[in-house]
Every structure is written in structure tokens, then in C-alpha cells.
$ cat start_20.txt   # compact mmCIF, C-alpha atoms and all ligand atoms
# COMPACT_ATOMS: atom_id res chain seq x y z
CA CYS A 148 39.74 4.94 23.14
CA ARG A 149 39.25 3.58 19.66
CA ASP A 150 36.12 3.47 17.59
CA ASN A 151 35.35 1.04 14.78
CA SER A 152 37.50 2.79 12.21
CA GLY A 153 40.56 2.84 14.46
CA ALA A 154 40.49 6.61 14.90
CA LEU A 155 40.32 8.34 18.28
CA PRO A 156 36.74 9.54 18.83
CA VAL A 157 36.39 13.28 18.37
CA LEU A 158 33.44 15.62 18.70
CA GLY A 159 31.39 16.59 15.68
CA ARG A 160 31.40 13.25 13.89
CA ASP A 161 27.60 13.29 13.61
CA VAL A 162 27.17 16.93 12.62
CA THR A 163 25.25 17.26 9.37
CA VAL A 164 25.49 20.23 7.01
CA PRO A 165 23.27 21.25 4.11
CA LEU A 166 24.44 20.74 0.53
CA VAL A 167 23.79 23.28 -2.19
CA THR A 168 22.63 20.40 -4.36
CA GLY A 169 19.92 19.57 -1.81
CA GLY A 170 19.84 17.27 1.22
CA GLU A 171 22.50 17.09 3.84
CA VAL A 172 25.60 15.12 4.70
CA THR A 173 27.78 14.52 7.75
CA TYR A 174 30.48 17.16 7.92
CA ALA A 175 33.96 16.03 6.91
CA ALA A 176 36.31 18.20 8.97
CA LEU A 177 39.51 18.16 6.93
CA ASP A 178 41.05 21.33 8.29
CA TYR A 179 42.84 19.93 11.34
CA ALA A 180 45.88 22.10 10.65
CA ALA A 181 43.80 25.18 11.44
CA SER A 182 41.91 23.70 14.40
CA ALA A 183 41.32 20.04 15.12
CA PRO A 184 38.05 18.79 16.61
CA ALA A 185 38.31 18.15 20.35
CA LEU A 186 38.67 14.57 21.51
CA GLN A 187 35.53 13.16 23.09
CA ARG A 188 37.73 12.16 26.03
CA VAL A 189 38.87 15.78 26.53
CA TRP A 190 35.28 16.98 26.46
CA ASP A 191 34.25 14.31 28.97
CA ASP A 192 37.13 15.22 31.28
CA VAL A 193 36.23 18.91 31.12
CA ALA A 194 32.55 18.16 31.78
CA ALA A 195 33.49 16.00 34.77
CA TYR A 196 35.64 18.80 36.19
CA ALA A 197 33.26 21.70 35.46
CA PRO A 198 31.16 21.40 38.68
CA TYR A 199 34.36 21.69 40.73
CA TYR A 200 35.46 24.97 39.21
CA GLY A 201 37.36 27.24 41.59
CA SER A 202 39.92 30.04 41.46
CA VAL A 203 43.51 28.96 40.96
CA HIS A 204 46.25 30.03 43.43
CA ARG A 205 43.81 32.49 44.96
CA GLY A 206 41.38 30.71 47.24
CA ALA A 207 41.36 28.87 50.56
CA GLY A 208 38.24 26.87 49.72
CA TYR A 209 38.27 23.19 48.87
CA LEU A 210 37.37 23.73 45.22
CA SER A 211 40.08 26.37 44.85
CA GLN A 212 42.59 23.90 46.20
CA LEU A 213 41.27 21.25 43.85
CA SER A 214 41.47 23.57 40.85
CA THR A 215 44.98 24.66 41.82
CA ASP A 216 46.02 21.01 42.01
CA LEU A 217 44.50 20.23 38.63
CA PHE A 218 46.17 23.28 37.09
CA GLU A 219 49.61 22.42 38.47
CA ASN A 220 49.17 18.72 37.65
CA ALA A 221 48.37 19.78 34.09
CA ARG A 222 51.90 21.22 33.91
CA GLY A 223 53.23 17.84 34.98
CA ALA A 224 51.16 16.05 32.32
CA VAL A 225 52.49 18.38 29.61
CA ALA A 226 56.06 17.96 30.92
CA ASP A 227 55.62 14.16 30.71
CA PHE A 228 54.10 14.42 27.23
CA LEU A 229 57.09 16.44 26.01
CA GLY A 230 59.73 14.49 27.92
CA CYS A 231 60.90 17.67 29.66
CA ARG A 232 64.13 17.88 31.62
CA ALA A 233 63.75 18.13 35.42
CA ASP A 234 64.50 21.86 35.50
CA ASP A 235 62.42 22.84 32.44
CA GLN A 236 59.45 25.15 32.87
CA VAL A 237 56.02 24.63 31.35
CA VAL A 238 54.30 27.98 30.85
CA PHE A 239 50.63 28.02 29.90
CA THR A 240 49.92 30.61 27.21
CA ARG A 241 47.03 31.35 24.86
CA SER A 242 48.50 29.64 21.78
CA THR A 243 51.66 28.92 19.80
CA THR A 244 51.63 32.54 18.64
CA ASP A 245 51.50 33.67 22.25
CA SER A 246 54.24 31.21 23.28
CA LEU A 247 56.67 32.41 20.60
CA ASN A 248 55.92 36.06 21.36
CA LEU A 249 56.63 35.31 25.02
CA LEU A 250 59.98 33.77 24.10
CA ALA A 251 60.76 36.80 21.92
CA ARG A 252 60.14 38.99 24.97
CA VAL A 253 62.59 37.10 27.20
CA LEU A 254 65.55 37.02 24.79
CA PRO A 255 68.79 38.16 26.43
CA ALA A 256 70.25 41.48 25.30
CA ASP A 257 71.89 41.34 21.87
CA CYS A 258 70.44 37.94 21.10
CA GLN A 259 70.71 37.06 17.43
CA VAL A 260 67.76 35.13 15.99
CA PHE A 261 67.89 32.81 12.96
CA VAL A 262 64.68 31.86 11.24
CA PHE A 263 63.86 30.37 7.84
CA GLU A 264 61.67 32.47 5.56
CA THR A 265 59.46 29.39 5.20
CA GLU A 266 58.06 29.66 8.73
CA HIS A 267 54.45 30.26 9.69
CA HIS A 268 53.99 33.94 10.56
CA ALA A 269 53.74 32.98 14.24
CA SER A 270 57.36 31.85 14.17
CA LEU A 271 58.55 34.27 11.47
CA LEU A 272 57.36 37.59 12.88
CA PRO A 273 57.78 37.79 16.69
CA TRP A 274 61.53 38.46 16.47
CA GLN A 275 61.40 41.83 14.75
CA ASP A 276 62.81 43.67 17.78
CA ALA A 277 65.88 41.40 17.87
CA LYS A 278 68.72 41.06 15.36
CA VAL A 279 67.06 38.61 12.99
CA THR A 280 68.65 36.74 10.13
CA TYR A 281 66.07 35.36 7.69
CA LEU A 282 67.37 32.24 5.98
CA ASN A 283 66.40 31.37 2.41
CA ALA A 284 64.07 28.45 1.76
CA PRO A 285 66.05 25.20 1.58
CA ARG A 286 64.97 22.54 -0.96
CA THR A 287 66.15 19.54 1.04
CA PRO A 288 66.43 18.83 4.78
CA ARG A 289 70.22 18.58 4.33
CA GLN A 290 70.25 22.03 2.74
CA ALA A 291 68.32 23.37 5.73
CA VAL A 292 71.05 22.15 8.08
CA GLU A 293 73.83 23.46 5.85
CA THR A 294 72.14 26.85 5.48
CA LEU A 295 71.81 27.16 9.23
CA GLU A 296 75.38 26.01 9.84
CA ARG A 297 76.72 28.62 7.42
CA ALA A 298 74.70 31.40 9.01
CA LEU A 299 75.73 30.41 12.52
CA ALA A 300 79.40 30.11 11.55
CA ASP A 301 79.33 33.79 10.54
CA ARG A 302 77.91 35.04 13.82
CA ASP A 303 79.68 36.42 16.88
CA PRO A 304 80.22 33.16 18.80
CA HIS A 305 80.18 34.89 22.18
CA GLY A 306 76.74 36.50 22.05
CA PRO A 307 73.46 34.66 22.71
CA ALA A 308 71.59 33.25 19.73
CA LEU A 309 68.31 31.50 19.08
CA VAL A 310 67.15 29.41 16.15
CA CYS A 311 63.40 29.12 15.60
CA VAL A 312 62.14 26.41 13.30
CA THR A 313 58.95 24.51 12.64
CA GLY A 314 58.73 20.81 13.44
CA ALA A 315 56.23 20.12 10.64
CA SER A 316 55.12 22.60 8.00
CA ASN A 317 51.54 23.85 8.13
CA VAL A 318 51.66 24.10 4.32
CA THR A 319 53.40 20.97 3.06
CA GLY A 320 53.14 18.80 6.18
CA GLU A 321 56.82 18.00 5.69
CA LEU A 322 58.93 17.24 8.77
CA TRP A 323 61.94 19.45 9.33
CA PRO A 324 65.22 17.86 10.46
CA VAL A 325 64.80 19.09 14.00
CA ARG A 326 67.41 16.87 15.64
CA GLU A 327 70.08 17.85 13.10
CA LEU A 328 69.17 21.55 13.29
CA ALA A 329 69.37 21.38 17.09
CA ALA A 330 72.79 19.76 16.90
CA ALA A 331 73.96 22.48 14.51
CA ALA A 332 72.57 25.22 16.76
CA HIS A 333 74.21 23.81 19.86
CA ALA A 334 77.53 23.22 18.10
CA HIS A 335 77.59 26.97 17.46
CA GLY A 336 76.50 27.96 20.96
CA ALA A 337 72.93 28.84 19.91
CA ARG A 338 69.65 27.67 21.36
CA ILE A 339 66.67 26.36 19.45
CA VAL A 340 62.90 26.55 19.81
CA ILE A 341 60.59 24.26 17.87
CA ASP A 342 57.27 25.52 16.63
CA ALA A 343 55.44 22.25 17.23
CA ALA A 344 51.96 23.55 16.38
CA GLN A 345 51.71 21.00 13.55
CA LEU A 346 54.16 18.42 14.86
CA ALA A 347 52.76 17.75 18.33
CA PRO A 348 49.25 16.67 17.18
CA HIS A 349 50.73 14.10 14.76
CA HIS A 350 53.99 12.88 16.20
CA PRO A 351 55.65 12.29 19.56
CA VAL A 352 57.78 15.30 20.54
CA ASP A 353 60.49 14.60 23.10
CA ILE A 354 62.51 17.61 24.21
CA ARG A 355 65.36 15.48 25.53
CA ASP A 356 65.47 13.08 22.62
CA LEU A 357 65.43 15.92 20.06
CA ASP A 358 67.75 17.90 22.32
CA VAL A 359 65.91 21.17 21.76
CA ASP A 360 65.66 24.05 24.21
CA TRP A 361 61.98 24.97 23.89
CA VAL A 362 58.83 23.64 22.33
CA ALA A 363 55.68 25.66 21.60
CA PHE A 364 52.26 24.29 20.63
CA SER A 365 48.53 25.13 20.71
CA GLY A 366 45.74 23.24 22.46
CA HIS A 367 43.21 23.74 19.68
CA LYS A 368 45.37 21.86 17.18
CA LEU A 369 46.07 19.10 19.73
CA TYR A 370 42.42 18.05 20.07
CA ALA A 371 41.67 20.36 23.00
CA PRO A 372 39.42 23.44 22.89
CA PHE A 373 40.57 26.94 21.91
CA GLY A 374 42.34 29.41 24.13
CA SER A 375 45.36 27.65 25.57
CA GLY A 376 48.90 26.87 24.50
CA VAL A 377 52.27 25.88 25.89
CA LEU A 378 55.83 27.11 25.94
CA ALA A 379 58.02 24.47 27.56
CA GLY A 380 61.77 24.35 28.02
CA ARG A 381 64.79 26.03 29.57
CA ALA A 382 63.98 28.06 32.65
CA ASP A 383 66.91 30.49 32.73
CA TRP A 384 65.83 33.09 30.15
CA LEU A 385 62.25 32.87 31.40
CA ARG A 386 63.24 33.22 35.05
CA THR A 387 65.34 36.34 34.66
CA ALA A 388 63.39 38.39 32.09
CA GLU A 389 60.69 40.92 32.85
CA PRO A 390 57.27 39.24 33.10
CA TYR A 391 55.32 38.92 29.85
CA LEU A 392 52.31 40.51 31.57
CA ALA A 393 52.52 42.55 34.76
CA GLY A 394 49.89 41.76 37.35
CA GLY A 395 48.67 39.50 40.12
CA GLY A 396 49.90 35.93 40.14
CA ALA A 397 53.24 36.92 38.55
CA SER A 398 54.27 39.01 41.55
CA ARG A 399 55.49 37.50 44.81
CA LYS A 400 55.77 40.72 46.82
CA VAL A 401 54.71 44.29 46.07
CA THR A 402 55.64 47.18 48.37
CA ARG A 403 55.55 50.97 48.32
CA ARG A 404 59.02 52.48 48.00
CA ALA A 405 60.29 55.38 50.03
CA ASP A 406 60.30 57.50 46.87
CA GLY A 407 56.58 56.92 46.47
CA GLY A 408 56.87 54.28 43.76
CA VAL A 409 56.12 50.57 43.89
CA ALA A 410 58.70 47.79 44.17
CA VAL A 411 57.89 44.34 42.81
CA GLU A 412 59.50 40.97 43.37
CA TRP A 413 58.42 38.64 40.58
CA HIS A 414 58.05 34.90 40.84
CA GLU A 415 60.81 32.85 39.25
CA SER A 416 58.51 29.95 38.41
CA ALA A 417 56.28 29.70 35.33
CA ALA A 418 53.80 31.94 37.18
CA ARG A 419 56.12 34.87 36.34
CA HIS A 420 54.67 34.87 32.81
CA GLU A 421 51.10 33.87 33.68
CA ALA A 422 49.78 37.02 35.35
CA GLY A 423 46.03 37.25 35.86
CA SER A 424 43.60 34.43 36.57
CA PRO A 425 44.82 31.51 34.47
CA ASN A 426 42.84 29.53 31.91
CA VAL A 427 42.43 26.46 34.09
CA ILE A 428 40.05 24.72 31.69
CA GLY A 429 42.50 25.35 28.87
CA ALA A 430 45.43 23.89 30.79
CA TYR A 431 43.34 20.98 32.03
CA SER A 432 42.06 20.16 28.55
CA ILE A 433 45.58 20.23 27.06
CA ALA A 434 46.72 17.85 29.79
CA SER A 435 43.74 15.60 29.06
CA ALA A 436 44.58 15.56 25.34
CA CYS A 437 48.23 14.78 26.10
CA ARG A 438 47.18 11.82 28.25
CA ALA A 439 44.66 10.58 25.69
CA LEU A 440 47.19 10.63 22.85
CA THR A 441 49.83 8.89 24.94
CA GLU A 442 47.35 6.23 26.10
CA ALA A 443 46.08 5.64 22.57
CA GLY A 444 49.70 5.02 21.53
CA TRP A 445 51.69 6.97 18.98
CA ASP A 446 52.61 3.95 16.88
CA GLY A 447 48.98 3.25 16.01
CA LEU A 448 48.10 6.93 15.53
CA VAL A 449 51.05 7.56 13.25
CA ALA A 450 50.49 4.37 11.23
CA ARG A 451 46.84 5.24 10.69
CA GLU A 452 47.64 8.80 9.66
CA GLN A 453 50.33 7.60 7.24
CA HIS A 454 47.73 5.31 5.67
CA LEU A 455 45.39 8.29 5.18
CA ILE A 456 48.23 10.41 3.75
CA ALA A 457 49.06 7.67 1.24
CA GLU A 458 45.40 7.45 0.24
CA VAL A 459 45.05 11.21 -0.32
CA ARG A 460 48.34 11.52 -2.19
CA ALA A 461 47.56 8.55 -4.40
CA GLY A 462 44.11 9.99 -5.15
CA LEU A 463 45.50 13.44 -5.97
CA ALA A 464 48.20 11.88 -8.17
CA GLU A 465 45.47 10.44 -10.38
CA VAL A 466 44.22 13.92 -11.26
CA PRO A 467 46.57 15.44 -13.83
CA GLN A 468 45.43 19.02 -13.08
CA VAL A 469 46.44 18.76 -9.42
CA LYS A 470 49.85 19.99 -8.28
CA VAL A 471 50.79 19.13 -4.70
CA LEU A 472 53.05 21.72 -3.05
CA SER A 473 56.30 20.40 -1.65
CA LEU A 474 59.57 21.89 -0.50
CA PHE A 475 61.50 18.69 0.18
CA GLY A 476 60.05 16.37 -2.50
CA ASP A 477 57.82 13.30 -2.63
CA ASP A 478 59.93 11.14 -0.34
CA ALA A 479 60.04 13.59 2.57
CA PRO A 480 58.47 12.28 5.78
CA ARG A 481 55.27 14.21 6.47
CA VAL A 482 52.19 14.61 8.63
CA GLY A 483 48.58 14.79 7.46
CA VAL A 484 48.76 18.28 5.96
CA ILE A 485 48.67 18.50 2.16
CA SER A 486 48.38 21.67 0.05
CA PHE A 487 47.71 21.73 -3.66
CA VAL A 488 46.45 23.79 -6.57
CA VAL A 489 44.22 22.65 -9.40
CA GLU A 490 45.07 23.91 -12.84
CA GLY A 491 42.26 25.98 -14.29
CA TRP A 492 40.61 26.40 -10.92
CA ASN A 493 40.45 29.31 -8.53
CA SER A 494 41.53 27.73 -5.21
CA SER A 495 38.93 29.64 -3.21
CA HIS A 496 36.15 28.48 -5.54
CA PHE A 497 37.46 24.95 -5.39
CA ALA A 498 37.45 24.94 -1.57
CA ALA A 499 33.97 26.52 -1.55
CA ALA A 500 32.71 23.81 -3.88
CA LEU A 501 34.12 21.06 -1.65
CA SER A 502 32.09 22.56 1.17
CA ALA A 503 28.88 23.37 -0.70
CA GLU A 504 28.66 20.23 -2.81
CA TYR A 505 30.31 17.62 -0.58
CA GLY A 506 30.19 18.90 3.01
CA ILE A 507 33.98 18.89 3.20
CA GLY A 508 35.75 21.59 5.22
CA VAL A 509 39.25 22.45 3.94
CA ARG A 510 41.18 25.73 3.89
CA ASP A 511 42.24 27.92 0.99
CA GLY A 512 44.67 30.83 0.97
CA LEU A 513 48.30 31.36 1.92
CA PHE A 514 48.00 29.69 5.33
CA CYS A 515 49.76 32.46 7.31
CA ALA A 516 53.00 31.47 5.59
CA HIS A 517 53.04 33.96 2.72
CA PRO A 518 56.72 33.75 1.76
CA LEU A 519 56.63 29.93 1.71
CA VAL A 520 53.44 29.62 -0.33
CA ARG A 521 54.66 32.24 -2.81
CA THR A 522 57.92 30.29 -3.19
CA LEU A 523 56.01 27.07 -3.79
CA LEU A 524 53.61 28.71 -6.25
CA GLY A 525 56.40 30.63 -7.95
CA SER A 526 54.49 33.90 -7.64
CA ASP A 527 55.87 37.42 -7.52
CA PRO A 528 56.55 38.25 -3.86
CA GLN A 529 55.85 41.95 -4.26
CA THR A 530 52.50 41.98 -5.93
CA GLN A 531 50.68 38.72 -5.67
CA GLY A 532 48.84 36.52 -3.26
CA GLU A 533 47.54 38.53 -0.35
CA CYS A 534 45.05 37.01 2.05
CA GLY A 535 41.60 37.91 0.78
CA ALA A 536 42.94 39.23 -2.54
CA PRO A 537 41.20 38.20 -5.76
CA GLU A 538 42.38 34.88 -7.16
CA ALA A 539 44.10 34.31 -10.49
CA ALA A 540 41.96 34.49 -13.62
CA PRO A 541 41.37 31.19 -15.46
CA GLY A 542 44.57 30.09 -17.15
CA GLU A 543 46.78 32.27 -14.90
CA LYS A 544 49.05 30.93 -12.19
CA SER A 545 47.28 30.28 -8.87
CA LEU A 546 47.90 32.85 -6.15
CA ASN A 547 46.36 30.77 -3.39
CA ALA A 548 46.32 27.08 -2.60
CA ILE A 549 43.95 24.54 -1.08
CA ARG A 550 44.93 22.66 2.07
CA VAL A 551 43.49 19.38 3.29
CA SER A 552 44.54 18.22 6.75
CA PHE A 553 43.50 15.43 9.07
CA GLY A 554 44.60 13.45 12.09
CA ALA A 555 43.61 11.26 14.98
CA GLY A 556 39.85 11.49 14.62
CA THR A 557 39.57 11.28 10.84
CA PRO A 558 37.50 8.37 9.52
CA ASP A 559 38.44 6.73 6.21
CA GLU A 560 35.15 7.90 4.73
CA HIS A 561 36.19 11.57 4.99
CA VAL A 562 39.35 11.17 2.96
CA GLU A 563 37.58 8.84 0.51
CA ARG A 564 34.88 11.47 -0.02
CA PHE A 565 37.56 14.15 -0.45
CA VAL A 566 39.42 12.16 -3.11
CA ARG A 567 36.14 11.40 -4.91
CA ALA A 568 35.17 15.07 -4.81
CA VAL A 569 38.51 16.27 -6.21
CA LYS A 570 38.31 13.72 -8.99
N1 LIG A 601 52.82 27.61 13.81
C1 LIG A 601 52.29 26.78 12.91
C2 LIG A 601 53.20 25.85 12.16
C3 LIG A 601 50.91 26.78 12.70
O1 LIG A 601 50.38 25.94 11.80
C4 LIG A 601 50.10 27.66 13.43
C5 LIG A 601 48.59 27.72 13.22
N2 LIG A 601 48.19 27.66 11.90
C6 LIG A 601 50.70 28.49 14.36
C7 LIG A 601 52.06 28.45 14.53
C8 LIG A 601 49.91 29.45 15.17
O2 LIG A 601 49.06 28.77 16.04
P1 LIG A 601 47.96 29.59 16.86
O3 LIG A 601 47.09 30.23 15.82
O4 LIG A 601 47.26 28.54 17.64
O5 LIG A 601 48.70 30.56 17.67

$ encode --input "start_20.txt" --output "C-alpha cells" --more "lines below"
Ligand code: PMP
Amino acid sequence: CRDNSGALPVLGRDVTVPLVTGGEVTYAALDYAASAPALQRVWDDVAAYAPYYGSVHRGAGYLSQLSTDLFENARGAVADFLGCRADDQVVFTRSTTDSLNLLARVLPADCQVFVFETEHHASLLPWQDAKVTYLNAPRTPRQAVETLERALADRDPHGPALVCVTGASNVTGELWPVRELAAAAHAHGARIVIDAAQLAPHHPVDIRDLDVDWVAFSGHKLYAPFGSGVLAGRADWLRTAEPYLAGGGASRKVTRRADGGVAVEWHESAARHEAGSPNVIGAYSIASACRALTEAGWDGLVAREQHLIAEVRAGLAEVPQVKVLSLFGDDAPRVGVISFVVEGWNSSHFAAALSAEYGIGVRDGLFCAHPLVRTLLGSDPQTQGECGAPEAAPGEKSLNAIRVSFGAGTPDEHVERFVRAVK
């Protein structure tokens, strides 16, 4: 599965884009944190399966049976990838956002939710209908654990509670102390869900080893195509709650009642929350990506990514105008997601120039984590830094940042070009 540069082959490596300065160049996709290119292996697997397309759980024909098998086996592949417990459920969703909204919908009555203000909006916002406690941004991993412990100690110990926390930040790339936060949550009778949207593509995630209750991630960040995601973990809350969507596939038996209404018995399996015809290609491609990453071996993937991180950080450190954003400091363990601002530059213009002059695709903005980016930039939370808002004038504090992110398919040349371009 390895090409000459030691990276896993991904699609799009030969795509050329025009430069404003004339000519063209191969595209350097350095926005993996938004969406990673699909692995060639995933694409090949999907192409091999495509002729055998059939309805899932709804057909007697051979190809329907085959598709149903592939769909259900995909659950098994994801469960293996995440090291799920025997009685965990793997629910296929549309994305991490969808997975966390699903979990928010199955919370038991009176569940208290604890979430750091530093979360991505997908993990910050779905809990608004519950009793949410927003925790202030910690400045060290230890402080994160202590902040959570203090908040949990104050809660009613008898009611249900959920902690939601990111595994790796989509802004700083920094790893959060998931194992310690899980231990703190459990010590206080709370459960914990990990937003692994940025962790799973870069790092092994083992539900049992981390001792977490749920994990959520997206296919399109894990080198699979768009449109599918996963919520995996404890079955009990999922099994007893109302279905996320009402419809066929989620219902086991539907009858007319004597009073003229309709009575429904819902499935207790993952199908309860997967009403409608499922995204079989999405599930299949996630399973393919999980297998490909496992077969390639995490040790090599992580070592290679750490080498690229060191190269980018060393390059940025040589430019005095660059300020890298960090919550936990230089020594924090991190994945290949790095955000920065450049003194005297409008971040949006800077990102546009990287694209137009060097064929490099990065992201600018607040990265759907407005409170965190504002904290890191030190900007006024009430008035500044909205998505799409005008940037700071020259000499003023930046309102937006630039984010470069990479992973399994990134060749050395892309990060070398990026560092050269920034310089
Ligand atoms: N959580 C984190 C940490 C993310 O980086 C993202 C995507 N930027 C999401 C959640 C949401 O993922 P999706 O858009 O695939 O739902």
C-alpha cells in the first residue's frame, strides 16, 4: 500500500491546477482536516463493488443479499477498527455532526452535558436542549482534567451525565487527554463521547483501551468519500430512545390500532437509528478505509506524519511574522493540523495567495470553532471574527487564521512547497 515517498496512495496526486503567475502545478491538498482525499484503495474497492449494487435489507435477490452482507460486514470492520466491546453498537450516520446530533437525541431525561467551549461546533452545539455546562478553555491537558473534575463534583451524582470532548483539535491539532478525561467522567458516574473527527484519521482509536463510551467520526476525513459517518459505542441509550428518524428499516412491526392510530415496534439494533435506505457505498468505503489504515500500520503512518509536522513547524518557526496557534504549548502531542496567523497579512488573502501562486489548498477562517479561535487570537468575542466577515486591516490583530493540515497521503514535496511559499 505504500508508494515511493512512504505515504499511502490517495486520489488526486496528479491533478494540476493553473497558477495566476502562468503555467500549472500539481495540486498540493493541505486541507485534510476539512476533507481528506480518498485512498486509492478505497476507490478501487468501491469500483469493484459497484456492479453488484443492490438494496440493503430489502431484497430477496442475490445482489441484495450481497449488499446486505457487505453493509453489515462494514459494521464489523468499523467495530474492529475501533476496538469495540462485544455489546457496542455501530450506527452509520452521515457525518460526525450527524453522529453527535443523534447522541444528543437519545440522552436520558435530565441528562447533564459537560462540554469545553473549545470544541468544534459539531460537538459544542448539539446539546442545547439538554442541561449543558460549558467549561472554560484549559491551557494544559492537566487543567482540562481538573476543570472537568471540578464541574462533575458539583453535579447531582444520581442523574445521568455525558461529557463530550474532542480527541484532537481541528484548530491546533493538539491531542486532548482522552483517557484521563474518561477516567474522571466515570469516577463521577458520567459517560463520555469522543469527537474523533480529527483523531481517527491520524491515530489509532481504541474504545476499550481509552475506556470511552462512544466515538464519532466522519468518512470524508478518514480517506473515504463524503456522506457517511459513524457513532459507535454503548447500546443502552441508543436502544431505548425514540428513533432518530422515523421510517422503514427502523421499524420491526407496524399495525393499525383499534383507536385508528398506528402502533410501531422499533428495532433495538443499530437499524433503529438508520431509517430509510442506507448509504451502503458510504458504509462500505469507511470499512475499506479502516482496513487500509490498519493494514498499512499505524506505527509507520504516525511516524511519517510526525516527521511532516516537525518539518512544517520548523519551517514556520523560521518566519518571525508567523504565530502558530496553540492551547497546550509547543510540547503538546499533536496530529497534522496546524493553524497560524502572519503578522501584517490578512489570513484570507494569504490562503488565496498560497492557492493562486503555489497551487496549495489550505483553509482560512475560524474553522467552525469560533470560541476557540477567538481565545487563541485574543479577539473580542462579541464583535469580531465571524465567518465571511471582513478581515483585520493591515497592522490590526488578525480575526481569522490559516490552517494547514495533512496526513496519510501527503508527499514530502507538498509540505516543502508550503514552507517555501510561506517563507
Ligand atoms: N468535529 C471536528 C473536530 C471536526 O474537525 C469536524 C469537521 N471539521 C467535525 C466535528 C464535523 O465533521 P463533519 O463536517 O464531517 O460532520

$ residues_near_ligand --input "start_20.txt" --ligand "ligand LIG 601 (chain A)" --cutoff "9 Å" --atoms "only C-alpha atoms and all ligand atoms" --output "number ranges by chain"
A: 180-182, 241-247, 266-270, 313-318, 342-346, 363-368, 373-376, 514-516

$ closest_atom_pairs --input "start_20.txt" --of "range 418-454 of chain A" --to "range 479-496 of chain A" --cutoff "9 Å" --atoms "all atoms listed in the file" --output "CSV"
residue,atom,partner,partner_atom,distance
A:Val449,CA,A:Val482,CA,8.5
A:Glu452,CA,A:Gly483,CA,6.5
A:Gln453,CA,A:Val482,CA,7.4

$ closest_residue --input "start_20.txt" --among "A:Val427, A:Ala284, A:Cys258, A:Val459" --to "Val471 in chain A" --atoms "all atoms listed in the file"
A:Val459

$ atom_distance --input "start_20.txt" --atom1 "CA of Asp216 in chain A" --atom2 "CA of Val203 in chain A"
8.4 Å

$ atom_distance --input "start_20.txt" --atom1 "CA of Asn220 in chain A" --atom2 "CA of Asn248 in chain A"
24.7 Å

$ atom_distance --input "start_20.txt" --atom1 "CA of Ala388 in chain A" --atom2 "CA of Val359 in chain A"
20.2 Å
